[in-house]
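Undergrad: Next up, input21.txt (compact mmCIF, C-alpha atoms).
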```
# COMPACT_ATOMS: atom_id res chain seq x y z
CA MET V 464 114.15 114.84 119.09
CA VAL V 465 116.98 112.52 118.03
CA ALA V 466 114.71 110.82 115.54
CA SER V 467 113.69 114.24 114.15
CA ARG V 468 117.33 115.30 113.72
CA ASN V 469 118.12 111.99 112.04
CA LEU V 470 115.19 112.44 109.69
CA MET V 471 116.30 115.99 108.80
CA GLY V 472 119.86 114.80 108.24
CA GLU V 473 118.66 111.99 106.00
CA SER V 474 116.45 114.42 104.05
CA GLY V 475 119.40 116.80 103.59
CA ARG V 476 121.59 113.97 102.35
CA LEU V 477 118.98 112.88 99.82
CA LEU V 478 118.61 116.45 98.53
CA ARG V 479 122.38 116.80 98.09
CA ASP V 480 122.49 113.47 96.26
CA GLU V 481 119.72 114.63 93.93
CA GLU V 482 121.52 117.93 93.25
CA ASN V 483 124.78 116.12 92.51
CA ALA V 484 122.96 113.71 90.20
CA GLU V 485 121.38 116.63 88.34
CA GLU V 486 124.76 118.36 87.95
CA ASP V 487 126.32 115.17 86.60
CA SER V 488 123.52 114.51 84.11
CA PRO V 489 124.22 115.21 80.37
CA SER V 490 121.47 117.82 80.18
CA ALA V 491 122.91 119.74 83.13
CA LYS V 492 126.37 119.67 81.59
CA LYS V 493 124.98 121.14 78.38
CA LEU V 494 123.22 123.93 80.25
CA LYS V 495 126.12 124.66 82.57
CA PRO V 496 128.10 127.63 81.12
CA GLU V 497 131.73 126.94 80.30
CA ARG V 498 134.34 128.92 82.14
CA PHE V 499 136.06 131.69 80.17
CA PRO V 500 139.38 130.17 79.07
CA LEU V 501 141.69 133.11 79.84
CA ASN V 502 142.87 133.78 83.36
CA SER V 503 143.16 137.33 84.69
CA TRP V 504 146.81 137.75 83.60
CA GLU V 505 146.13 136.52 80.05
CA PHE V 506 143.06 138.71 79.72
CA ALA V 507 144.99 141.74 80.98
CA ALA V 508 147.78 141.02 78.47
CA ALA V 509 145.27 140.79 75.61
CA VAL V 510 143.62 144.07 76.62
CA GLY V 511 147.03 145.75 76.97
CA VAL V 512 148.17 144.68 73.49
CA PHE V 513 144.84 145.77 72.01
CA PHE V 514 145.14 149.16 73.75
CA VAL V 515 148.67 149.72 72.39
CA PHE V 516 147.63 148.86 68.83
CA SER V 517 144.47 150.96 69.08
CA THR V 518 146.39 153.97 70.39
CA GLY V 519 148.88 153.77 67.53
CA LEU V 520 146.08 153.47 64.98
CA PHE V 521 144.23 156.43 66.50
CA CYS V 522 147.36 158.59 66.37
CA ILE V 523 147.78 157.76 62.68
CA TYR V 524 144.19 158.75 61.97
CA LEU V 525 144.79 162.10 63.69
CA THR V 526 147.23 162.95 60.87
CA MET V 527 144.34 162.89 58.40
CA PRO V 528 142.46 166.10 57.53
CA ALA V 529 139.34 166.56 59.63
CA ALA V 530 137.19 166.48 56.50
CA GLU V 531 138.18 162.85 55.86
CA TYR V 532 137.11 161.48 59.26
CA GLY V 533 133.48 161.05 58.29
CA LYS V 534 134.45 159.02 55.23
CA ILE V 535 136.24 156.33 57.22
CA LYS V 536 134.07 153.26 57.64
CA LEU V 537 134.99 149.61 57.51
CA PRO V 538 133.05 148.16 54.56
CA ARG V 539 130.83 145.13 55.15
CA THR V 540 129.41 144.79 51.65
CA VAL V 541 130.63 145.45 48.12
CA SER V 542 128.32 148.48 48.00
CA ASP V 543 130.00 149.92 51.11
CA LEU V 544 133.36 149.31 49.46
CA ARG V 545 132.39 151.21 46.30
CA ILE V 546 131.34 154.21 48.40
CA LEU V 547 134.57 154.06 50.42
CA LYS V 548 136.65 153.85 47.25
CA GLU V 549 134.99 156.92 45.77
CA SER V 550 135.37 158.81 49.05
CA LEU V 551 139.07 158.03 49.55
CA SER V 552 140.40 158.03 46.00
CA THR V 553 141.17 161.78 46.04
CA TYR V 554 142.88 161.58 49.44
CA ALA V 555 144.91 158.54 48.32
CA ARG V 556 146.02 160.42 45.19
CA ASN V 557 146.92 163.67 46.98
CA HIS V 558 148.49 162.12 50.11
CA PRO V 559 149.78 158.68 49.07
CA ALA V 560 152.25 158.24 51.96
CA ARG V 561 149.68 159.11 54.65
CA PHE V 562 147.04 156.96 53.03
CA ILE V 563 149.32 153.93 52.72
CA LEU V 564 150.40 154.32 56.35
CA GLY V 565 146.75 154.40 57.48
CA TYR V 566 145.81 151.54 55.14
CA CYS V 567 148.65 149.29 56.33
CA SER V 568 148.00 150.06 59.99
CA THR V 569 144.30 149.26 59.63
CA TYR V 570 144.93 146.02 57.73
CA ILE V 571 147.53 144.77 60.23
CA PHE V 572 145.30 145.75 63.16
CA MET V 573 142.36 143.81 61.70
CA GLN V 574 144.52 140.77 60.93
CA THR V 575 146.12 140.76 64.38
CA PHE V 576 142.85 140.87 66.29
CA MET V 577 140.86 138.68 63.90
CA ILE V 578 138.47 141.44 62.84
CA PRO V 579 136.51 140.34 59.74
CA GLY V 580 136.78 142.42 56.57
CA THR V 581 140.37 142.14 55.33
CA ILE V 582 139.09 140.79 52.02
CA PHE V 583 137.45 144.20 51.42
CA MET V 584 140.77 145.86 52.21
CA SER V 585 142.41 143.67 49.57
CA LEU V 586 139.78 144.64 47.02
CA LEU V 587 140.32 148.30 47.92
CA ALA V 588 144.06 147.94 47.26
CA GLY V 589 143.33 146.69 43.75
CA ALA V 590 140.79 149.43 43.09
CA LEU V 591 143.13 152.23 44.22
CA PHE V 592 146.65 150.99 43.39
CA GLY V 593 146.37 148.50 40.55
CA VAL V 594 147.58 144.90 40.39
CA VAL V 595 151.32 145.14 41.10
CA ARG V 596 151.30 147.70 43.92
CA GLY V 597 148.07 146.22 45.24
CA ILE V 598 149.54 142.71 45.53
CA LEU V 599 152.68 144.06 47.22
CA LEU V 600 150.56 145.95 49.75
CA VAL V 601 148.20 143.06 50.46
CA VAL V 602 150.90 140.39 50.80
CA PHE V 603 153.00 142.65 53.05
CA ASN V 604 150.05 143.53 55.30
CA ALA V 605 148.63 140.01 55.41
CA THR V 606 152.04 138.57 56.32
CA ALA V 607 152.72 141.25 58.94
CA GLY V 608 149.25 140.86 60.46
CA ALA V 609 149.46 137.06 60.48
CA SER V 610 152.89 137.25 62.14
CA SER V 611 151.55 139.63 64.77
CA CYS V 612 148.61 137.27 65.40
CA PHE V 613 151.09 134.36 65.65
CA PHE V 614 153.01 136.03 68.49
CA LEU V 615 149.82 137.16 70.23
CA SER V 616 148.57 133.57 70.14
CA LYS V 617 151.95 132.36 71.41
CA LEU V 618 151.44 134.66 74.40
CA ILE V 619 147.81 133.88 75.32
CA GLY V 620 146.35 131.66 72.59
CA ARG V 621 146.63 128.10 73.90
CA PRO V 622 143.61 128.12 76.29
CA LEU V 623 141.54 130.13 73.80
CA ILE V 624 142.16 127.78 70.85
CA SER V 625 141.63 124.69 72.99
CA TRP V 626 138.31 126.18 74.10
CA LEU V 627 137.06 127.31 70.68
CA TRP V 628 138.26 124.53 68.36
CA PRO V 629 139.39 121.49 70.39
CA GLU V 630 138.68 118.90 67.67
CA LYS V 631 140.16 120.99 64.86
CA LEU V 632 143.26 121.69 66.96
CA ARG V 633 143.80 117.98 67.61
CA PHE V 634 143.42 117.25 63.90
CA PHE V 635 145.86 120.01 62.96
CA GLN V 636 148.39 118.83 65.54
CA ALA V 637 148.22 115.26 64.21
CA GLU V 638 148.69 116.44 60.61
CA ILE V 639 151.67 118.59 61.55
CA ALA V 640 153.26 115.70 63.47
CA LYS V 641 153.03 113.49 60.36
CA ARG V 642 154.65 116.11 58.12
CA ARG V 643 157.52 117.48 60.18
CA ASP V 644 160.08 116.61 57.48
CA LYS V 645 158.23 118.56 54.76
CA LEU V 646 156.47 121.10 56.94
CA LEU V 647 157.04 124.07 54.62
CA ASN V 648 155.35 122.26 51.73
CA TYR V 649 152.35 121.40 53.88
CA MET V 650 152.04 124.95 55.22
CA LEU V 651 152.23 126.30 51.67
CA PHE V 652 149.41 123.95 50.70
CA LEU V 653 147.27 125.22 53.58
CA ARG V 654 147.96 128.87 52.73
CA ILE V 655 147.25 128.49 49.02
CA THR V 656 144.08 126.42 49.37
CA PRO V 657 141.03 127.11 51.56
CA THR V 658 141.48 123.77 53.37
CA LEU V 659 141.70 125.48 56.77
CA PRO V 660 140.71 129.10 57.53
CA ASN V 661 143.67 131.48 57.68
CA LEU V 662 142.42 132.74 61.03
CA PHE V 663 142.72 129.26 62.54
CA ILE V 664 146.18 128.74 60.99
CA ASN V 665 147.43 132.04 62.44
CA LEU V 666 146.20 131.18 65.92
CA ALA V 667 146.98 127.47 66.02
CA SER V 668 150.46 127.47 64.44
CA PRO V 669 152.40 128.48 67.59
CA ILE V 670 150.29 126.07 69.66
CA VAL V 671 151.36 123.08 67.53
CA ASP V 672 155.01 124.23 67.54
CA ILE V 673 155.37 125.39 63.94
CA PRO V 674 158.66 127.35 63.74
CA PHE V 675 158.10 131.02 62.97
CA HIS V 676 160.46 131.07 59.96
CA ILE V 677 158.38 128.32 58.29
CA PHE V 678 155.13 130.07 59.22
CA PHE V 679 156.44 133.38 57.86
CA LEU V 680 157.76 131.99 54.56
CA ALA V 681 154.66 129.90 53.91
CA THR V 682 152.47 132.94 54.58
CA LEU V 683 154.54 135.29 52.43
CA VAL V 684 154.59 132.96 49.41
CA GLY V 685 151.34 131.07 49.92
CA LEU V 686 149.10 134.14 50.03
CA ILE V 687 150.26 135.46 46.65
CA PRO V 688 147.79 133.47 44.45
CA ALA V 689 144.69 134.39 46.50
CA SER V 690 145.91 138.01 46.81
CA TYR V 691 146.29 138.22 43.03
CA ILE V 692 142.70 137.01 42.53
CA THR V 693 141.31 139.48 45.06
CA VAL V 694 143.37 142.48 43.98
CA ARG V 695 142.58 141.87 40.31
CA ALA V 696 138.87 141.71 41.15
CA GLY V 697 139.24 145.14 42.78
CA LEU V 698 140.02 146.64 39.37
CA ALA V 699 136.51 145.70 38.24
CA LEU V 700 134.80 146.66 41.48
CA GLY V 701 131.75 147.97 39.63
CA ASP V 702 131.03 144.53 38.16
CA LEU V 703 131.44 142.64 41.43
CA LYS V 704 128.16 141.73 43.12
CA SER V 705 129.41 139.82 46.16
CA VAL V 706 132.67 138.55 47.64
CA LYS V 707 131.31 135.05 47.05
CA ASP V 708 131.79 135.66 43.33
CA LEU V 709 135.57 135.81 43.87
CA TYR V 710 135.92 132.10 44.55
CA ASP V 711 133.90 130.17 42.04
CA PHE V 712 134.58 126.54 41.08
CA LYS V 713 137.18 127.47 38.47
CA THR V 714 139.12 129.70 40.86
CA LEU V 715 139.07 127.11 43.65
CA SER V 716 140.25 124.44 41.23
CA VAL V 717 143.23 126.57 40.23
CA LEU V 718 144.13 127.24 43.87
CA PHE V 719 143.97 123.53 44.73
CA LEU V 720 146.08 122.70 41.67
CA ILE V 721 148.77 125.16 42.82
CA GLY V 722 148.46 123.75 46.34
CA LEU V 723 148.97 120.20 45.08
CA VAL V 724 152.16 121.30 43.33
CA ALA V 725 153.38 122.71 46.66
CA ILE V 726 152.61 119.51 48.58
CA PHE V 727 153.84 117.14 45.81
CA PRO V 728 157.24 116.45 47.49
CA THR V 729 155.42 115.31 50.63
CA LEU V 730 153.19 112.96 48.64
CA MET V 731 156.18 111.49 46.80
CA LYS V 732 158.00 110.85 50.08
CA LYS V 733 154.99 108.98 51.44
CA LYS V 734 154.88 106.87 48.28
CA ARG V 735 158.55 105.90 48.64
CA ILE V 736 158.02 104.97 52.29
CA TYR V 737 155.13 102.64 51.46
CA GLU V 738 157.10 101.04 48.64
```
Once more with this new file: its structure as structure tokens, please.
TA:
Amino acid sequence: MVASRNLMGESGRLLRDEENAEEDSPSAKKLKPERFPLNSWEFAAAVGVFFVFSTGLFCIYLTMPAAEYGKIKLPRTVSDLRILKESLSTYARNHPARFILGYCSTYIFMQTFMIPGTIFMSLLAGALFGVVRGILLVVFNATAGASSCFFLSKLIGRPLISWLWPEKLRFFQAEIAKRRDKLLNYMLFLRITPTLPNLFINLASPIVDIPFHIFFLATLVGLIPASYITVRAGLALGDLKSVKDLYDFKTLSVLFLIGLVAIFPTLMKKKRIYE
């Protein structure tokens, strides 16, 4: 009996050792699902903020005539955008204040919660309002939405960013640490050029301790060149085949040239240090 119990105990120990070895193996680690990065409080906070924004946006849409509800659809292609422009042009002309309120609320909502499609909203601004008013609208909304996303990330973003982009976050943090003295110039460079996605910059900036006033100013000024390109393209919406046509080699070269002008003081300082 004792020998039997000893044998069973030994068998159990071997099985546990095999299970532990399997869990520690590289293949098991790849298959093992990662834990969701937000705790219950952070998730509740995110849902609460989303609910408040959604409620406000819904109340604004209730001010629209019932006949316009069916025309509201977030465009996903240039063809969708042309249809939306034709559908809303009369409403925008007859009720400019209501339309701008709804447009701004939608743009800021999308930017805050990282919903794709703001580039179509920028094209729509050019198609409906022209270059000057379109740029003012787009830069205002993009800056307000990015600022809102900044504070949302400051509240709950650290575990989410560390989970989604750990390597990119470490790279960004190292670059920011090297450029603390000329941080505004570096942030302008990032905003003007497509070096890093704007979504990542919005989320990661509070995590790497970029002051809000620098983030805000770099966003406000740095988004003007790209907004001009997009809004101007909205004037010729009928000739646009895809959003990929907006940023060809010539356009990207111009953006990088403007970005290099913005970061030039930082490069000169490095040169003097090495000398």
Undergrad: What's around stretch 549-552 of chain V at 9 Å? Count all atoms listed in the file, leave out sequence neighbours fewer than 3 positions away in its own chain, and write the answer as number ranges by chain.
TA: V: 531, 534-535, 544-546, 555-557, 562, 591
Undergrad: If you measure from atom CA of V:Val671 to atom CA of V:Phe634, what distance in Å do you get, rounded to one decimal?
TA: 10.5 Å
Undergrad: Counting all atoms listed in the file, give me one row per residue of stretch 495-608 of chain V with an atom at most 10 Å from an atom of stretch 677-685 of chain V, showing the shortest contact pair and its distance in Å to one decimal, sorted by chain then residue number, as JSON lines.
TA:
```
{"residue": "V:Val602", "atom": "CA", "partner": "V:Leu683", "partner_atom": "CA", "distance": 6.5}
{"residue": "V:Phe603", "atom": "CA", "partner": "V:Leu683", "partner_atom": "CA", "distance": 7.5}
{"residue": "V:Asn604", "atom": "CA", "partner": "V:Leu683", "partner_atom": "CA", "distance": 9.8}
{"residue": "V:Ala605", "atom": "CA", "partner": "V:Thr682", "partner_atom": "CA", "distance": 8.1}
{"residue": "V:Thr606", "atom": "CA", "partner": "V:Leu683", "partner_atom": "CA", "distance": 5.7}
{"residue": "V:Ala607", "atom": "CA", "partner": "V:Phe679", "partner_atom": "CA", "distance": 8.8}
```
Undergrad: Using all atoms listed in the file, which residue out of V:Thr553, V:Asn661, V:Ser610, V:Asn648 lies closest to V:Thr581?
TA: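 The shortest atom-to-atom distance to V:Thr581 comes from V:Asn661.
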Undergrad: Need to verify the contact set: V:Ala590, 6 Å, only C-alpha atoms, exclusion of same-chain residues closer than 3 positions in sequence. Can you return it as a PyMOL selection string?
TA: chain V and resi 587+697-698
Undergrad: Between atom CA of V:Met573 and atom CA of V:Met527, what is the spacing in Å?
TA: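 Straight-line distance from atom CA of V:Met527 to atom CA of V:Met573 works out to 19.5 Å.
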Undergrad: Just give me the gap between atom CA of V:Leu615 and atom CA of V:Leu599 in Å, one decimal is fine.
TA: 24.2 Å
